[in-house]
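**Student:** The structure under discussion is supplied below as structure tokens; questions concerning it will follow.
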Amino acid sequence: MPLHHPKSNDQKIVVIIGGGFAGLNAAKSLANKKQVHVVLIDQRNHHLFQPLLYQVATAGLNPSDIAVPIRAEFSKADNVEIHMGRVDSVDLEQKIVISAEQELHYDYLIVATGAQHSYFGNPEWEDHAPGLKTVEQATEIRRRILQAFEDAENETDAEKQKALLNFVIVGAGPTGVELAGAIADIARTVLVKDFNHINPADARVLLVEAGPKILSSFNEKLCSRAMRDLQEMGVEVRISSRVENINENGVIIAGEFIPSRSVFWAAGVQASRMKFAPEVAKDRAGRVIVQKDFSIENFAHTFVIGDMAHFEISPNKLLPGLAPAAMQAGKFVGNMVLQSIEGQVRSSFKYLDKGQMATIGKRRAIAEYGSLRMKGVIAWLAWLFVHVLYLIGFRNRLSVITEWTWSYIFSKRGSRLITSRDWKLKN
């Protein structure tokens with residue numbers, strides 16, 4: 001991971017770890033600023049629009065529709081260099097980022113490595129119930145969904161065929177609800193005429209939530225509307241039901257075994273693991289507790305933003321793990337770096353709540369912004385508009401609009417590819 005030398009000795013080196021919404025926007029706010037030389041490090045070469053990842057998982061979009069090469073975003077920024085790699089730890093006192101390749105010194109550090117799934121002490125469940133955070137996970141879920149219908153078509157045993165058409169989604173937040181609704185939709189409107197020996201509409205889609213309601217962060221009336229929409233689409237919703245075990249044969253929910261090879265995880269999350277020396281204060285989910293400017297206490301030159309930060313916007317209320325919040329934090333911290341270099345007093349971050357929304361299916365969604373609440377077709381159209389607006393790149397926006405229009409008019413999904421992880425040709 002060789003560092004290109006800054007053009008001027010006066011330039012401060014700013015290292016950003018993570019190219020998600022938070023890290024990318026921090027880098028953009030520092031691009032072409034003569035005071036800094038920016039090094040952005042990410043394990044992947046692309047920025048991913050995670051809110052639409054479930055569309056890739058359910059064959060609605062291609063991965064390239066919701067991802068953009070990070071380098072392409074900074075091709076005109078001479079002071080930004082991109083490195084694909086993994087950071088193992090950070091020495092806060094010496095201001096050193098440590099990777100497998102080398103040690104990198106910095107003047108300012110922005111950590112934005114995001115979050116990963118938490119299986120609540122049962123990591124072995126991941127093999128049988130993949131989560132939905134990366135392109136690789138999305139294409140694996142797509143493979144399992146489509147393969148289940150193909151295997152059911154070939155199965156002659158009625159009970160085994162029925163089990164193959166059981167789809168279980170664990171966790172009824174926005175991702176779980178959107179995934180359940182999309183699976184029910186493709187089973188009943190897209191695949192329904194494509195098979196000879198099975199009726200895809202007979203697929204059982206089960207959404208399981210340990211809490212007392214789905215979409216717990218939404219208004220009660222909107223939650224009720226979402227529940228009704230899911231049930232009308234054929235999704236079986238179980239609340240106050242805890243998953244007790246998951247294996248290759250199925251899942252045990254509140255003592256009941258449900259046979260399934262298609263179990264998908266949309267429940268708990270935890271901050272990505274990052275070693276700090278000395279150790280820093282973290283909450284139970286592994287998020288770093290930060291100050292009002294996102295800096296770490298006693299280390300004013302190091303910031304933590306995005307899903308990895310524990311930031312209180314009010315007593316007992318954390319900054320939500322939403323894309324708009326991460327984008328705002330990234331821009332804010334970028335400006336804080338510049339203000340610090342100029343010797344200005346830092347300000348406190350003020351979150352602008354842009355509301356939240358979730359889609360349940362075609363023409364079905366809920367949205368709220370302050371006291372404004374929407375549901376049904378209006379909320380669905382608002383959801384479409386907002387997600388296209390936030391996509392990076394004209395080509396991606398055009399591609400997504402085209403795919404969605406095709407899917408809406410003809411009830412077709414063009415990304416129904418079953419891909420194998422084995423790339424070798426066999427005799």
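Following the order of the structure tokens, first chain is A, next is B, and so on, with residues numbered from 1 inside each chain and ligands from 1 in the order they appear.
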Extract, using only C-alpha atoms, all DNA, RNA and protein residues at most 8 Å from region 385-392 of chain A, discarding same-chain residues fewer than 5 positions from it, and format them as a list in words.

**Tutor:**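 Neighbouring residues, sequence-local ones excluded: Phe49, Pro51, Leu52, Ile66, Ala67, Val68, Arg397, Val400 and Ile401 of chain A.
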
**Student:** Give me the residues within 6 Å of region 135-146 of chain A as a list in words, counting only C-alpha atoms and dropping any in the same chain fewer than 2 places off.

**Tutor:**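 Once the nearby chain positions are removed, what remains is Val56, Ala57, Thr58, Leu132, Ala148, Phe149 and Ile418 of chain A.
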
**Student:** Using DSSP on the backbone coordinates, identify all residues within region 88-172 of chain A classified as strand (DSSP E); present the result as a ChimeraX atom specification.

**Tutor:** /A:88-91,96-99,103-105,108-111,115-117,166-170

**Student:** Those residues you just picked out, can you put them in a file as a compact mmCIF listing (two decimals), in the first residue's frame with N, CA, C and O atoms?

**Tutor:**
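Output saved as out-v1.txt:
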```
# COMPACT_ATOMS: atom_id res chain seq x y z
N ASP A 88 -5.70 -3.68 9.65
CA ASP A 88 -5.81 -4.59 10.79
C ASP A 88 -6.00 -3.86 12.11
O ASP A 88 -6.77 -4.29 12.96
N SER A 89 -5.27 -2.75 12.29
CA SER A 89 -5.36 -2.05 13.57
C SER A 89 -4.88 -0.61 13.41
O SER A 89 -4.33 -0.23 12.37
N VAL A 90 -5.12 0.17 14.47
CA VAL A 90 -4.73 1.58 14.47
C VAL A 90 -4.01 1.88 15.79
O VAL A 90 -4.50 1.54 16.87
N ASP A 91 -2.85 2.51 15.67
CA ASP A 91 -2.13 3.00 16.84
C ASP A 91 -2.48 4.48 16.98
O ASP A 91 -1.99 5.33 16.23
N ILE A 96 -0.69 5.82 13.51
CA ILE A 96 -0.27 4.85 12.50
C ILE A 96 -1.42 3.89 12.19
O ILE A 96 -2.03 3.34 13.11
N VAL A 97 -1.69 3.72 10.91
CA VAL A 97 -2.63 2.70 10.44
C VAL A 97 -1.80 1.49 10.04
O VAL A 97 -0.86 1.61 9.26
N ILE A 98 -2.16 0.32 10.56
CA ILE A 98 -1.37 -0.89 10.34
C ILE A 98 -2.15 -1.88 9.47
O ILE A 98 -3.27 -2.28 9.81
N SER A 99 -1.55 -2.27 8.36
CA SER A 99 -2.14 -3.28 7.49
C SER A 99 -1.15 -4.41 7.33
O SER A 99 -0.03 -4.37 7.86
N GLU A 103 2.90 -0.02 7.38
CA GLU A 103 2.36 0.94 8.33
C GLU A 103 2.25 2.29 7.65
O GLU A 103 3.15 2.70 6.91
N LEU A 104 1.12 2.96 7.88
CA LEU A 104 0.86 4.22 7.21
C LEU A 104 0.63 5.31 8.25
O LEU A 104 -0.28 5.21 9.08
N HIS A 105 1.44 6.35 8.23
CA HIS A 105 1.31 7.45 9.18
C HIS A 105 0.25 8.44 8.69
O HIS A 105 0.10 8.64 7.48
N TYR A 108 -4.63 12.99 10.25
CA TYR A 108 -6.02 12.82 10.65
C TYR A 108 -6.51 11.46 10.14
O TYR A 108 -6.14 11.03 9.04
N LEU A 109 -7.33 10.82 10.95
CA LEU A 109 -7.87 9.51 10.58
C LEU A 109 -9.38 9.53 10.70
O LEU A 109 -9.94 10.02 11.68
N ILE A 110 -10.05 8.99 9.67
CA ILE A 110 -11.51 8.84 9.68
C ILE A 110 -11.82 7.35 9.49
O ILE A 110 -11.50 6.77 8.45
N VAL A 111 -12.40 6.74 10.50
CA VAL A 111 -12.74 5.32 10.46
C VAL A 111 -14.22 5.19 10.13
O VAL A 111 -15.08 5.68 10.87
N ALA A 115 -20.87 -1.83 9.45
CA ALA A 115 -21.36 -2.85 10.37
C ALA A 115 -21.44 -4.19 9.68
O ALA A 115 -21.39 -4.30 8.45
N GLN A 116 -21.54 -5.23 10.49
CA GLN A 116 -21.72 -6.58 9.98
C GLN A 116 -22.84 -7.24 10.78
O GLN A 116 -23.30 -6.70 11.78
N HIS A 117 -23.27 -8.40 10.31
CA HIS A 117 -24.38 -9.07 10.99
C HIS A 117 -23.94 -9.68 12.32
O HIS A 117 -22.80 -10.11 12.47
N ASN A 166 -40.16 -23.49 1.14
CA ASN A 166 -40.25 -22.71 2.38
C ASN A 166 -39.11 -21.69 2.41
O ASN A 166 -37.94 -22.07 2.34
N PHE A 167 -39.46 -20.42 2.52
CA PHE A 167 -38.47 -19.35 2.60
C PHE A 167 -38.66 -18.62 3.94
O PHE A 167 -39.75 -18.13 4.22
N VAL A 168 -37.60 -18.57 4.74
CA VAL A 168 -37.68 -17.99 6.07
C VAL A 168 -36.75 -16.79 6.16
O VAL A 168 -35.55 -16.91 5.87
N ILE A 169 -37.29 -15.64 6.54
CA ILE A 169 -36.49 -14.43 6.72
C ILE A 169 -36.52 -14.08 8.20
O ILE A 169 -37.60 -13.91 8.79
N VAL A 170 -35.35 -13.98 8.82
CA VAL A 170 -35.24 -13.71 10.25
C VAL A 170 -34.93 -12.23 10.45
O VAL A 170 -33.89 -11.75 10.01
```

**Student:** Using DSSP on the backbone coordinates, identify all residues within region 204-361 of chain A classified as helix (DSSP H, G or I); present the result as an NGL selection string.

**Tutor:** :A and (220-232 or 306-308 or 323-341)

**Student:** Can you measure CA of Gly334 (chain A) to CA of Ala26 (chain A) for me? One decimal in Å is fine.

**Tutor:** 4.8 Å

**Student:** Using only C-alpha atoms, which residues sit within 7 Å of Glu244 (chain A) once same-chain residues fewer than 4 positions away are excluded, as an mmCIF file with C-alpha atoms, in the first residue's frame?

**Tutor:**
```cif
data_model
loop_
_atom_site.group_PDB
_atom_site.id
_atom_site.type_symbol
_atom_site.label_atom_id
_atom_site.label_comp_id
_atom_site.auth_asym_id
_atom_site.auth_seq_id
_atom_site.Cartn_x
_atom_site.Cartn_y
_atom_site.Cartn_z
ATOM 1 C CA ILE A 252 -36.460 -23.917 14.924
ATOM 2 C CA ILE A 253 -38.775 -21.043 15.847
ATOM 3 C CA ALA A 254 -40.301 -20.992 19.334
#
```

**Student:** Give me, as a PyMOL selection string, all polymer residues having an atom no more than 9 Å from region 291-297 of chain A, counting only C-alpha atoms and skipping those fewer than 6 positions away in the same chain.

**Tutor:** chain A and resi 110+280-281+303-305+309-313+329+332-333+336+346-350

**Student:** Rounded to one decimal, what separation in Å do you get between CA of Pro259 (chain A) and CA of Ala158 (chain A)?

**Tutor:**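 One can read the CA of Pro259 (chain A) to CA of Ala158 (chain A) distance as 13.2 Å.
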
**Student:** As a PDB file with N, CA, C and O atoms, in the first residue's frame, please: the residues near Ala285 (chain A) (cut-off 8 Å, only C-alpha atoms, same-chain neighbours under 4 positions excluded).

**Tutor:**
```
ATOM      1  N   VAL A 269     -27.251  -6.449  14.098  1.00  0.00           N
ATOM      2  CA  VAL A 269     -25.993  -6.016  13.505  1.00  0.00           C
ATOM      3  C   VAL A 269     -25.029  -5.606  14.606  1.00  0.00           C
ATOM      4  O   VAL A 269     -25.435  -5.292  15.729  1.00  0.00           O
ATOM      5  N   GLN A 270     -23.764  -5.631  14.279  1.00  0.00           N
ATOM      6  CA  GLN A 270     -22.729  -5.168  15.187  1.00  0.00           C
ATOM      7  C   GLN A 270     -21.673  -4.426  14.377  1.00  0.00           C
ATOM      8  O   GLN A 270     -21.542  -4.630  13.168  1.00  0.00           O
ATOM      9  N   ALA A 271     -20.955  -3.546  15.029  1.00  0.00           N
ATOM     10  CA  ALA A 271     -19.937  -2.771  14.329  1.00  0.00           C
ATOM     11  C   ALA A 271     -18.841  -3.678  13.796  1.00  0.00           C
ATOM     12  O   ALA A 271     -18.533  -4.720  14.394  1.00  0.00           O
TER      13      ALA A 271
END
```

**Student:** Taking only C-alpha atoms into account, which of A:Asn316, A:Gln43, A:Asn79, A:Gln344 comes nearest Thr113 (chain A)?

**Tutor:**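 Using only C-alpha atoms, the shortest distance to Thr113 (chain A) belongs to A:Gln43.
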
**Student:** Counting only C-alpha atoms, which residue out of A:Gly131, A:Gly234, A:Gly171, A:Gly211 sits closest to Thr189 (chain A)?

**Tutor:**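 Using only C-alpha atoms, Thr189 (chain A) sits closest to A:Gly234.
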
**Student:** Taking into account only C-alpha atoms, which residue in the set A:His197, A:Lys424, A:Lys133, A:Arg413 is nearest to Glu150 (chain A)?

**Tutor:**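 Once distances to Glu150 (chain A) are computed over only C-alpha atoms, the minimum belongs to A:His197.
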
**Student:** Give me, please, the distance in Å between CA of Phe257 (chain A) and CA of Ala172 (chain A), quoted to one decimal.

**Tutor:**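 Separation of CA of Phe257 (chain A) and CA of Ala172 (chain A): 19.5 Å.
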
**Student:** Could you check which of A:Ser64, A:Val39, A:Arg188, A:Glu342 is closest to Gly23 (chain A), using only C-alpha atoms?

**Tutor:**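 Comparing A:Ser64, A:Val39, A:Arg188, A:Glu342 against Gly23 (chain A), the winner is A:Val39.
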
**Student:** Between A:Gln147, A:Ser260, A:Asn62, A:Gln94, which is the closest to Phe299 (chain A) once you count only C-alpha atoms?

**Tutor:**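 Between A:Gln147, A:Ser260, A:Asn62, A:Gln94, the residue approaching Phe299 (chain A) most closely is A:Gln94.
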
**Student:** Using only C-alpha atoms, which of A:Pro324, A:Gly330, A:Leu179, A:Trp265 sits nearest Leu53 (chain A)?

**Tutor:**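 Closest to Leu53 (chain A) of all the choices is A:Leu179.
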